[in-house]
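Here is run.txt, consisting of compact mmCIF, C-alpha atoms (C1' of nucleotides):
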```
# COMPACT_ATOMS: atom_id res chain seq x y z
CA MET A 1 151.51 160.74 82.15
CA ALA A 2 154.08 160.54 84.94
CA ARG A 3 152.37 158.58 87.67
CA ARG A 4 153.03 159.91 91.12
CA GLY A 5 155.87 158.10 92.76
CA GLU A 6 158.08 158.40 89.77
CA THR A 7 159.59 161.39 91.46
CA LEU A 8 161.87 159.37 93.66
CA GLU A 9 162.80 157.07 90.81
CA LEU A 10 163.69 160.02 88.65
CA ALA A 11 165.91 161.47 91.33
CA VAL A 12 167.65 158.17 92.00
CA LEU A 13 168.27 157.49 88.32
CA GLY A 14 169.58 161.00 87.89
CA LEU A 15 171.99 160.70 90.77
CA LEU A 16 173.20 157.27 89.71
CA HIS A 17 173.99 158.71 86.29
CA GLU A 18 176.60 160.80 88.07
CA GLY A 19 178.26 157.67 89.40
CA PRO A 20 177.57 154.43 91.27
CA MET A 21 176.41 154.85 94.83
CA HIS A 22 175.02 152.91 97.77
CA GLY A 23 171.69 153.63 99.43
CA TYR A 24 172.97 155.52 102.42
CA GLU A 25 174.90 157.88 100.18
CA LEU A 26 171.91 158.32 97.90
CA ARG A 27 169.78 159.32 100.82
CA LYS A 28 172.24 161.97 101.91
CA ARG A 29 172.25 163.51 98.46
CA LEU A 30 168.50 163.23 98.07
CA ASN A 31 168.00 165.06 101.33
CA LEU A 32 170.03 167.94 99.96
CA MET A 33 167.74 168.40 97.00
CA LEU A 34 164.35 167.06 98.07
CA GLY A 35 162.14 169.90 99.07
CA TRP A 36 164.70 171.74 101.14
CA GLY A 37 163.66 170.55 104.51
CA ARG A 38 162.13 167.17 104.20
CA VAL A 39 164.28 164.19 104.85
CA LEU A 40 163.67 160.96 103.07
CA SER A 41 163.35 157.93 105.31
CA TYR A 42 164.97 154.57 104.72
CA GLY A 43 161.53 153.12 104.72
CA SER A 44 160.95 154.90 101.44
CA LEU A 45 164.32 154.60 99.83
CA TYR A 46 165.21 150.95 100.21
CA PRO A 47 161.91 149.56 99.01
CA ALA A 48 162.13 151.92 96.05
CA LEU A 49 165.59 150.63 95.24
CA LYS A 50 164.35 147.06 95.47
CA LYS A 51 161.56 147.89 93.09
CA MET A 52 163.94 149.46 90.63
CA LEU A 53 166.19 146.42 90.87
CA ARG A 54 163.27 144.19 90.03
CA GLY A 55 162.42 146.49 87.14
CA ASN A 56 165.97 146.23 85.85
CA LEU A 57 166.47 149.97 85.99
CA ILE A 58 169.48 149.60 88.24
CA LYS A 59 171.79 146.76 89.21
CA GLU A 60 174.16 145.92 92.01
CA VAL A 61 177.80 146.59 91.33
CA VAL A 62 180.30 143.90 92.27
CA PRO A 63 183.15 145.72 93.96
CA SER A 64 186.29 145.12 91.93
CA GLY A 65 188.80 145.14 94.78
CA PRO A 66 189.89 141.84 96.38
CA GLN A 67 188.61 142.53 99.91
CA SER A 68 185.13 143.65 99.07
CA ARG A 69 184.37 145.85 102.11
CA ARG A 70 181.01 144.12 102.09
CA GLN A 71 177.87 145.36 103.66
CA ARG A 72 177.20 148.31 101.49
CA ILE A 73 175.45 147.62 98.24
CA VAL A 74 176.53 149.85 95.42
CA TYR A 75 174.08 150.44 92.60
CA GLU A 76 174.55 151.56 89.05
CA VAL A 77 172.22 152.32 86.17
CA THR A 78 171.44 149.71 83.53
CA PRO A 79 170.85 150.57 79.86
CA GLN A 80 167.11 150.22 80.52
CA GLY A 81 167.54 152.63 83.41
CA THR A 82 169.16 155.17 81.13
CA GLU A 83 166.36 154.75 78.64
CA GLU A 84 163.70 155.15 81.29
CA PHE A 85 165.42 158.20 82.70
CA ALA A 86 165.48 159.82 79.26
CA ARG A 87 161.82 158.96 78.76
CA MET A 88 160.87 160.49 82.10
CA MET A 89 162.87 163.63 81.53
CA SER A 90 161.33 164.29 78.14
CA ASP A 91 157.81 163.44 79.33
CA VAL A 92 156.71 167.00 79.98
CA GLY A 93 153.23 166.89 81.46
CA PRO A 94 151.57 169.16 84.02
CA SER A 95 153.21 167.24 86.81
CA ALA A 96 156.59 168.41 85.52
CA TRP A 97 156.00 171.89 86.90
CA GLU A 98 154.61 170.81 90.21
CA ASP A 99 156.58 172.05 93.22
CA ASP A 100 158.26 168.79 94.12
CA THR A 101 158.94 167.54 90.66
CA PHE A 102 160.18 170.74 89.14
CA ASP A 103 163.24 171.00 91.35
CA ILE A 104 164.31 167.48 90.55
CA ARG A 105 163.86 167.95 86.84
CA PHE A 106 165.78 171.19 86.96
CA ARG A 107 168.55 169.55 88.92
CA PHE A 108 169.09 167.18 85.98
CA PHE A 109 168.55 169.66 83.18
CA SER A 110 171.99 168.95 81.78
CA SER A 111 170.69 165.58 80.64
CA THR A 112 168.05 167.04 78.33
CA ASP A 113 168.01 169.33 75.38
CA MET A 114 167.02 172.94 75.31
CA GLU A 115 163.61 172.30 73.87
CA ILE A 116 162.55 170.27 76.88
CA ARG A 117 164.20 172.65 79.30
CA LEU A 118 162.29 175.57 77.84
CA ARG A 119 159.01 173.72 78.00
CA VAL A 120 159.54 172.87 81.65
CA LEU A 121 160.63 176.38 82.58
CA GLU A 122 157.77 178.00 80.73
CA GLY A 123 155.25 175.54 82.08
CA ARG A 124 156.44 176.23 85.58
CA ARG A 125 156.23 179.95 85.00
CA SER A 126 152.65 179.93 83.79
CA ARG A 127 151.68 177.65 86.61
CA LEU A 128 153.02 180.21 89.08
CA GLN A 129 151.37 183.02 87.18
CA GLU A 130 148.06 181.23 87.47
CA ARG A 131 148.50 181.00 91.19
CA LEU A 132 149.17 184.70 91.44
CA ASP A 133 146.13 185.53 89.35
CA ARG A 134 143.96 183.24 91.39
CA VAL A 135 145.06 184.75 94.67
CA GLN A 136 144.72 188.27 93.35
CA ARG A 137 141.20 187.52 92.11
CA GLU A 138 140.22 185.81 95.32
CA LEU A 139 141.75 188.66 97.29
CA SER A 140 139.65 191.32 95.64
CA MET A 141 136.50 189.44 96.60
CA THR A 142 137.26 188.68 100.23
CA GLN A 143 138.60 192.20 100.66
CA ALA A 144 136.28 192.94 103.57
CA GLU A 145 137.82 192.18 106.95
CA VAL A 146 141.41 191.15 106.58
CA ASP A 147 143.41 189.92 109.49
CA ARG A 148 146.75 191.68 109.84
CA TYR A 149 148.81 188.50 109.88
CA ALA A 150 146.78 186.87 107.15
CA ALA A 151 147.44 189.90 104.99
CA GLU A 152 151.16 189.87 105.75
CA LEU A 153 151.37 186.20 104.87
CA GLN A 154 149.62 186.84 101.57
CA ARG A 155 151.93 189.74 100.83
CA HIS A 156 155.04 187.73 101.51
CA GLY A 157 153.71 184.79 99.58
CA VAL A 158 152.89 186.85 96.53
CA GLU A 159 156.28 188.50 96.67
CA SER A 160 158.04 185.15 96.84
CA VAL A 161 156.16 183.78 93.89
CA GLU A 162 156.77 186.94 91.88
CA ARG A 163 160.42 186.52 92.68
CA GLU A 164 160.44 182.98 91.37
CA VAL A 165 158.69 184.12 88.22
CA ARG A 166 161.47 186.63 87.60
CA TRP A 167 164.03 183.91 88.22
CA LEU A 168 162.36 181.68 85.67
CA SER A 169 162.13 184.49 83.15
CA ASP A 170 165.85 185.13 83.49
CA LEU A 171 166.57 181.45 83.01
CA ILE A 172 164.34 181.30 79.96
CA ASN A 173 166.14 184.26 78.45
CA ALA A 174 169.47 182.66 79.23
CA GLU A 175 168.39 179.46 77.48
CA ARG A 176 167.17 181.38 74.45
CA GLY A 177 170.22 183.61 74.21
CA GLN A 178 172.37 180.55 74.72
CA GLY A 179 175.42 180.66 72.48
CA ASN A 180 175.69 184.40 72.42
CA GLN A 181 176.09 185.35 76.03
CA PRO A 182 177.91 183.54 78.76
CA VAL A 183 175.19 181.21 79.99
CA LEU A 184 175.78 181.71 83.70
CA PRO A 185 172.19 182.56 84.38
CA VAL A 186 171.64 185.89 85.96
CA THR A 187 172.34 186.52 89.63
CA SER A 188 170.59 189.83 89.12
CA PRO A 189 170.97 191.89 92.28
CA GLU A 190 167.23 191.88 92.81
CA THR A 191 165.04 193.60 90.27
CA PRO A 192 163.91 196.76 92.06
CA SER A 193 160.25 195.74 92.38
CA THR A 194 158.94 196.56 88.94
CA SER A 195 155.51 197.84 89.92
CA THR A 196 153.26 194.84 90.30
CA SER A 197 150.12 196.78 91.00
CA THR A 198 146.79 195.37 89.90
CA MET B 1 153.47 167.11 121.03
CA ALA B 2 151.28 167.97 118.04
CA ARG B 3 150.67 164.68 116.33
CA ARG B 4 150.78 164.91 112.58
CA GLY B 5 147.36 165.38 111.11
CA GLU B 6 146.43 168.12 113.49
CA THR B 7 147.40 170.56 110.81
CA LEU B 8 144.09 170.36 109.01
CA GLU B 9 142.17 170.47 112.26
CA LEU B 10 144.02 173.57 113.30
CA ALA B 11 143.27 175.30 110.02
CA VAL B 12 139.61 174.38 110.13
CA LEU B 13 139.17 175.51 113.71
CA GLY B 14 140.96 178.74 112.91
CA LEU B 15 138.75 179.47 109.94
CA LEU B 16 135.57 178.60 111.78
CA HIS B 17 136.55 181.08 114.48
CA GLU B 18 136.13 183.73 111.83
CA GLY B 19 132.56 182.66 111.27
CA PRO B 20 130.37 179.60 110.52
CA MET B 21 131.00 177.95 107.19
CA HIS B 22 130.12 174.89 105.17
CA GLY B 23 132.64 172.38 103.87
CA TYR B 24 132.79 173.59 100.32
CA GLU B 25 133.53 177.11 101.46
CA LEU B 26 136.12 175.86 103.91
CA ARG B 27 137.90 174.03 101.14
CA LYS B 28 138.10 177.15 99.01
CA ARG B 29 139.65 179.12 101.84
CA LEU B 30 141.99 176.29 102.80
CA ASN B 31 143.24 176.07 99.24
CA LEU B 32 144.21 179.72 99.42
CA MET B 33 146.44 179.18 102.42
CA LEU B 34 147.53 175.58 102.27
CA GLY B 35 150.98 175.36 100.79
CA TRP B 36 150.39 177.77 97.95
CA GLY B 37 149.68 175.31 95.22
CA ARG B 38 148.29 172.18 96.74
CA VAL B 39 144.58 171.75 96.67
CA LEU B 40 142.85 169.85 99.40
CA SER B 41 140.54 167.10 98.21
CA TYR B 42 137.08 166.42 99.53
CA GLY B 43 138.28 162.98 100.42
CA SER B 44 140.42 164.64 103.08
CA LEU B 45 138.19 167.42 104.22
CA TYR B 46 134.84 165.73 104.80
CA PRO B 47 136.16 162.81 106.81
CA ALA B 48 138.14 165.30 108.88
CA LEU B 49 134.99 167.31 109.55
CA LYS B 50 133.15 164.14 110.55
CA LYS B 51 135.92 163.30 112.95
CA MET B 52 135.82 166.76 114.48
CA LEU B 53 132.05 166.48 114.83
CA ARG B 54 132.46 163.22 116.69
CA GLY B 55 135.09 164.85 118.88
CA ASN B 56 132.69 167.70 119.66
CA LEU B 57 135.12 170.30 118.38
CA ILE B 58 132.55 171.62 115.92
CA LYS B 59 128.81 171.30 115.52
CA GLU B 60 126.26 171.70 112.77
CA VAL B 61 124.44 174.99 112.69
CA VAL B 62 120.68 174.90 112.25
CA PRO B 63 119.90 177.58 109.69
CA SER B 64 117.64 180.14 111.31
CA GLY B 65 115.67 181.21 108.22
CA PRO B 66 112.30 179.59 107.50
CA GLN B 67 113.18 178.01 104.13
CA SER B 68 116.38 176.35 105.13
CA ARG B 69 118.11 176.17 101.74
CA ARG B 70 119.08 172.68 102.77
CA GLN B 71 121.90 170.68 101.37
CA ARG B 72 124.80 172.58 102.68
CA ILE B 73 125.86 171.84 106.20
CA VAL B 74 127.15 174.82 108.08
CA TYR B 75 129.56 174.22 110.91
CA GLU B 76 130.54 176.32 113.87
CA VAL B 77 133.01 175.91 116.71
CA THR B 78 131.95 174.54 120.07
CA PRO B 79 133.44 175.71 123.38
CA GLN B 80 135.58 172.56 123.36
CA GLY B 81 136.72 173.49 119.89
CA THR B 82 137.80 176.91 121.07
CA GLU B 83 139.65 175.33 123.95
CA GLU B 84 141.37 172.83 121.70
CA PHE B 85 142.31 175.53 119.23
CA ALA B 86 143.91 177.58 122.00
CA ARG B 87 145.76 174.51 123.23
CA MET B 88 147.09 173.74 119.77
CA MET B 89 148.15 177.29 119.09
CA SER B 90 150.11 177.56 122.32
CA ASP B 91 151.64 174.11 121.95
CA VAL B 92 154.93 175.24 120.43
CA GLY B 93 156.95 172.16 119.54
CA PRO B 94 159.39 171.55 116.69
CA SER B 95 156.51 170.77 114.37
CA ALA B 96 155.33 174.36 114.79
CA TRP B 97 158.09 175.65 112.55
CA GLU B 98 157.79 172.98 109.92
CA ASP B 99 157.01 174.28 106.43
CA ASP B 100 153.36 173.27 106.32
CA THR B 101 152.45 174.05 109.87
CA PHE B 102 154.19 177.37 110.20
CA ASP B 103 152.06 179.14 107.61
CA ILE B 104 148.86 178.03 109.25
CA ARG B 105 150.00 179.07 112.68
CA PHE B 106 151.10 182.42 111.36
CA ARG B 107 147.79 182.90 109.61
CA PHE B 108 146.08 182.72 113.01
CA PHE B 109 148.64 184.64 115.00
CA SER B 110 146.03 187.18 116.06
CA SER B 111 144.55 184.52 118.30
CA THR B 112 147.68 184.13 120.43
CA ASP B 113 149.78 186.36 122.55
CA MET B 114 153.13 187.84 121.69
CA GLU B 115 155.11 185.35 123.73
CA ILE B 116 153.89 182.46 121.63
CA ARG B 117 154.25 184.39 118.40
CA LEU B 118 157.86 185.19 119.19
CA ARG B 119 158.63 181.59 120.04
CA VAL B 120 157.18 180.40 116.75
CA LEU B 121 158.92 183.05 114.70
CA GLU B 122 162.26 182.46 116.38
CA GLY B 123 161.92 178.72 116.15
CA ARG B 124 161.18 178.95 112.47
CA ARG B 125 164.15 181.22 111.95
CA SER B 126 166.66 178.95 113.63
CA ARG B 127 165.23 176.00 111.74
CA LEU B 128 165.92 177.81 108.47
CA GLN B 129 169.34 178.87 109.65
CA GLU B 130 170.17 175.24 110.38
CA ARG B 131 169.20 174.33 106.85
CA LEU B 132 171.45 176.99 105.44
CA ASP B 133 174.37 175.88 107.58
CA ARG B 134 173.83 172.27 106.64
CA VAL B 135 173.78 173.03 102.94
CA GLN B 136 176.77 175.32 103.20
CA ARG B 137 178.73 172.64 105.06
CA GLU B 138 177.67 169.92 102.68
CA LEU B 139 178.47 172.19 99.75
CA SER B 140 182.05 172.75 100.79
CA MET B 141 182.63 169.00 100.86
CA THR B 142 181.05 168.00 97.56
CA GLN B 143 182.67 171.02 95.94
CA ALA B 144 184.36 168.90 93.27
CA GLU B 145 182.35 168.55 90.08
CA VAL B 146 179.26 170.70 90.24
CA ASP B 147 176.66 170.59 87.56
CA ARG B 148 175.70 174.04 86.26
CA TYR B 149 171.99 173.62 86.88
CA ALA B 150 172.49 171.92 90.20
CA ALA B 151 174.59 174.88 91.28
CA GLU B 152 172.02 177.39 90.08
CA LEU B 153 169.28 175.57 91.96
CA GLN B 154 171.35 175.63 95.13
CA ARG B 155 172.09 179.31 94.68
CA HIS B 156 168.46 180.21 94.20
CA GLY B 157 167.41 178.00 97.09
CA VAL B 158 169.90 179.53 99.47
CA GLU B 159 168.88 183.00 98.41
CA SER B 160 165.21 182.23 98.99
CA VAL B 161 165.83 180.86 102.44
CA GLU B 162 168.04 183.82 103.32
CA ARG B 163 165.21 186.04 102.20
CA GLU B 164 162.77 184.30 104.47
CA VAL B 165 165.19 184.62 107.37
CA ARG B 166 165.30 188.37 106.83
CA TRP B 167 161.52 188.46 106.69
CA LEU B 168 161.30 186.61 109.99
CA SER B 169 163.86 188.89 111.59
CA ASP B 170 161.87 191.92 110.57
CA LEU B 171 158.73 190.38 111.99
CA ILE B 172 160.48 189.55 115.23
CA ASN B 173 161.68 193.11 115.55
CA ALA B 174 158.20 194.38 114.79
CA GLU B 175 156.77 192.16 117.53
CA ARG B 176 159.38 193.32 120.01
CA GLY B 177 159.06 196.98 119.16
CA GLN B 178 155.30 196.58 119.27
CA GLY B 179 153.63 199.57 120.89
CA ASN B 180 156.25 202.05 119.81
CA GLN B 181 156.24 201.83 116.05
CA PRO B 182 153.35 201.24 113.72
CA VAL B 183 153.36 197.48 113.57
CA LEU B 184 152.90 197.14 109.84
CA PRO B 185 155.81 194.83 109.44
CA VAL B 186 158.47 195.97 107.06
CA THR B 187 158.16 195.63 103.29
CA SER B 188 161.87 196.42 103.15
CA PRO B 189 162.92 196.96 99.53
CA GLU B 190 165.31 194.03 99.65
CA THR B 191 168.30 194.17 101.93
CA PRO B 192 171.29 194.32 99.57
CA SER B 193 172.64 190.83 100.29
CA THR B 194 174.55 191.33 103.52
CA SER B 195 177.53 189.07 102.89
CA THR B 196 176.68 185.57 104.04
CA SER B 197 180.16 184.19 103.71
CA THR B 198 181.30 181.43 106.05
C1' DG C 1 186.43 145.47 123.73
C1' DT C 2 182.92 148.54 123.74
C1' DT C 3 180.72 152.57 122.08
C1' DA C 4 179.34 155.39 118.02
C1' DG C 5 177.88 155.71 113.71
C1' DC C 6 177.57 153.36 109.11
C1' DA C 7 174.43 150.52 106.47
C1' DT C 8 170.44 147.87 105.33
C1' DG C 9 166.04 146.34 105.88
C1' DT C 10 160.69 145.36 107.34
C1' DA C 11 155.95 146.01 109.26
C1' DA C 12 152.30 148.91 110.65
C1' DG C 13 149.98 152.79 110.09
C1' DG C 14 148.92 157.91 108.84
C1' DA C 15 147.46 161.38 105.83
C1' DG C 16 145.95 162.49 101.69
C1' DT C 17 144.66 161.64 96.58
C1' DT C 18 141.81 159.66 92.87
C1' DA C 19 137.90 157.97 91.32
C1' DC C 20 133.46 157.09 92.04
C1' DA C 21 128.67 158.20 93.29
C1' DT C 22 124.79 161.20 94.13
C1' DG C 23 121.60 164.89 94.64
C1' DA C 24 120.26 170.02 94.91
C1' DT C 25 120.30 174.57 92.98
C1' DT C 26 121.14 177.98 89.74
C1' DT C 27 121.74 179.51 85.10
C1' DT C 28 120.66 179.44 80.25
C1' DA D 1 113.95 171.35 80.87
C1' DA D 2 118.94 170.83 80.18
C1' DA D 3 123.45 172.00 81.55
C1' DA D 4 126.52 173.72 84.80
C1' DT D 5 128.13 174.06 89.17
C1' DC D 6 127.38 173.73 94.04
C1' DA D 7 127.69 170.40 97.67
C1' DT D 8 128.50 166.19 100.11
C1' DG D 9 130.18 161.87 100.66
C1' DT D 10 132.79 156.90 100.35
C1' DA D 11 136.27 153.24 99.05
C1' DA D 12 140.51 151.91 97.32
C1' DC D 13 144.98 152.97 96.90
C1' DT D 14 149.63 155.38 97.16
C1' DC D 15 153.35 157.27 99.05
C1' DC D 16 155.64 158.03 102.84
C1' DT D 17 156.92 158.01 107.91
C1' DT D 18 157.70 155.81 112.38
C1' DA D 19 159.34 152.39 114.89
C1' DC D 20 161.57 148.41 115.07
C1' DA D 21 165.35 145.11 114.13
C1' DT D 22 169.91 143.84 112.91
C1' DG D 23 174.74 143.46 111.94
C1' DC D 24 179.25 145.66 110.35
C1' DT D 25 183.21 148.81 110.98
C1' DA D 26 185.88 152.46 112.93
C1' DA D 27 187.43 154.94 116.87
C1' DC D 28 188.81 155.29 121.61
```

Let me see the structure of the file written as structure tokens.
Amino acid sequence: MARRGETLELAVLGLLHEGPMHGYELRKRLNLMLGWGRVLSYGSLYPALKKMLRGNLIKEVVPSGPQSRRQRIVYEVTPQGTEEFARMMSDVGPSAWEDDTFDIRFRFFSSTDMEIRLRVLEGRRSRLQERLDRVQRELSMTQAEVDRYAAELQRHGVESVEREVRWLSDLINAERGQGNQPVLPVTSPETPSTSTST
Amino acid sequence: MARRGETLELAVLGLLHEGPMHGYELRKRLNLMLGWGRVLSYGSLYPALKKMLRGNLIKEVVPSGPQSRRQRIVYEVTPQGTEEFARMMSDVGPSAWEDDTFDIRFRFFSSTDMEIRLRVLEGRRSRLQERLDRVQRELSMTQAEVDRYAAELQRHGVESVEREVRWLSDLINAERGQGNQPVLPVTSPETPSTSTST
DNA sequence: GTTAGCATGTAAGGAGTTACATGATTTT
DNA sequence: AAAATCATGTAACTCCTTACATGCTAAC
């Protein structure tokens, strides 16, 4: 059911699976992936880490060297953490193709199997398709007086979403054709606007 | 200084300037513009309307017809509301080119003059450019082991932001060349990836 | 040795969601 | 007349940010 707030946990567990890290470092990496603009504050991160410590998902690493270079607290994943991460990744509910969550799941796709990946990609795609349909429908009703800038914003928005749909479709094909072709997914030099008229 | 939370107020005032509306209707329109996926809950909207009522930014409209078709409460903007809206729109601070806020400001660009519009567009553009630079810089450092999916996500992200930068540039040019050309801004069939190497 | 930036943390508060609760109007 | 959906509202809670507070370590 993926309660809200698992997003950060998922991201942290994913990153820690790539190696032990301290909070400050985690934040830097999270900021690179989280929503492309947002920055995560310490006020969110540290309490979350504390909570995960209490839940035994992660544990503090005792630095092996003699002089410990104390102060920074390095975390690593516990077996329970690994289990929980796997559970979260394979728990494909509607929230998995939400804007925020999708990126994080995608980022850690290597940790799941193709079946899950396909379900997430396809879920995301139909979610976007729904949005397009909804806007298109809504647009044909309000048609009357349209502000110039409002219209331009709609146009650009629709185009962006259509673009992401194409991206997802390419990825889905790549996953399906996996084994035959080189799996480097796409980088198509922009599909030349395959008529998207109503 | 645009305190956070003015976003919704701005959107509501903007919409109400296009005509009186009741809350339910407002929500529908807000959902079409707000963040392209998010839906605004009543738990946000109605308290916000109450607050704006108290602040005299909007007022209830007494339905003119004889049988009032009661139940829905139609709002319209007060002179103070118009004033406040103008103030907000011309208050161009860093928050004006934040993801959420930018779209709403753009949506109501018709209500401001070119000077403001240009400042918002240019601000947004440099904000995006900063992001790109930051990622590019960060990317050259972490270069080591890159996960396939992580890399693909980065690639797609960078491409999307670059795309938006081009869009903004076109709009800026359209604003500047305003009066000469027909101002319908662009719809360029995808600039063929002008090398964005370091 | 002092400034700059690394590193961790907490408390208060904002903005919005969920869930709940209710009643009117339109459709079937 | 029942069901659907329009329409408004409130209370509790969640997630996150801001602002504050503190100490270590590296550079100059």

- [ ] With a cut-off of 8 Å and counting all atoms listed in the file, select all residues of chain C in contact with chain B and give the selection as an MDAnalysis selection string.
- [x] chainID C and resid 14:17 24

Within 6 Å of chain B: residues of chain A, using only C-alpha atoms, as a PDB file with C-alpha atoms, in the coordinates of the input:
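selection_4.pdb, freshly written:
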```
ATOM      1  CA  ARG A 107     168.550 169.550  88.920  1.00  0.00           C
ATOM      2  CA  TYR A 149     148.810 188.500 109.880  1.00  0.00           C
ATOM      3  CA  ALA A 150     146.780 186.870 107.150  1.00  0.00           C
TER       4      ALA A 150
END
```

Produce a table with one row for each residue of chain D that has an atom at most 8 Å from any atom of chain A, each row naming the nearest atom pair and its distance in Å at one decimal; use only C-alpha atoms (C1' of nucleotides); arrange rows by chain and rising residue number; format as CSV.
```
residue,atom,partner,partner_atom,distance
D:DC15,C1',A:Gly5,CA,6.8
D:DC16,C1',A:Ser44,CA,6.3
D:DT17,C1',A:Ser41,CA,6.9
D:DC24,C1',A:Gln71,CA,6.8
```

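Atom C1' of DG23 of chain D to atom CA of Leu16 of chain A spans 26.2 Å [interatomic distance, one decimal].
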
Box for segment 109-115 of chain A - axis-aligned, 4 Å on each of the six sides, all listed atoms - centre and size in Å to one decimal, as JSON.
```
{"center_x": 167.8, "center_y": 169.3, "center_z": 78.5, "size_x": 16.4, "size_y": 15.4, "size_z": 17.3}
```

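Atom CA of Pro20 of chain A is positioned 26.8 Å from atom CA of Val92 of chain A.
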
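Interatomic distance, atom CA of Glu60 of chain A against atom CA of Val74 of chain A: 5.7 Å.
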
Task: Top pick for closest residue to DA27 of chain D, considering C:DT27, C:DA19, C:DA4, C:DA11 and counting all atoms listed in the file - done: C:DA4

TODO: Dig up all the protein and nucleic acid residues within 9 Å of (130.0, 155.9, 98.2) in the file frame, using all atoms listed in the file, and format them as a ChimeraX atom specification.
DONE: /C:20-22 /D:9-11

Only C-alpha atoms (C1' of nucleotides), please: the residues just picked out, written as a short mmCIF file (atom, residue, chain, number, x, y, z; two decimals), keeping the file's coordinate frame.
```
data_model
loop_
_atom_site.label_atom_id
_atom_site.label_comp_id
_atom_site.auth_asym_id
_atom_site.auth_seq_id
_atom_site.Cartn_x
_atom_site.Cartn_y
_atom_site.Cartn_z
"C1'" DC C 20 133.46 157.09 92.04
"C1'" DA C 21 128.67 158.20 93.29
"C1'" DT C 22 124.79 161.20 94.13
"C1'" DG D 9 130.18 161.87 100.66
"C1'" DT D 10 132.79 156.90 100.35
"C1'" DA D 11 136.27 153.24 99.05
#
```

Contacts of Gly19 of chain B at 10 Å (all atoms listed in the file; same-chain gap of 6+ positions) as a PDB file with C-alpha atoms, in the frame of the given file:
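What follows is the written file result-v1.pdb:
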```pdb
ATOM      1  CA  TYR B  75     129.560 174.220 110.910  1.00  0.00           C
ATOM      2  CA  GLU B  76     130.540 176.320 113.870  1.00  0.00           C
ATOM      3  CA  VAL B  77     133.010 175.910 116.710  1.00  0.00           C
TER       4      VAL B  77
END
```
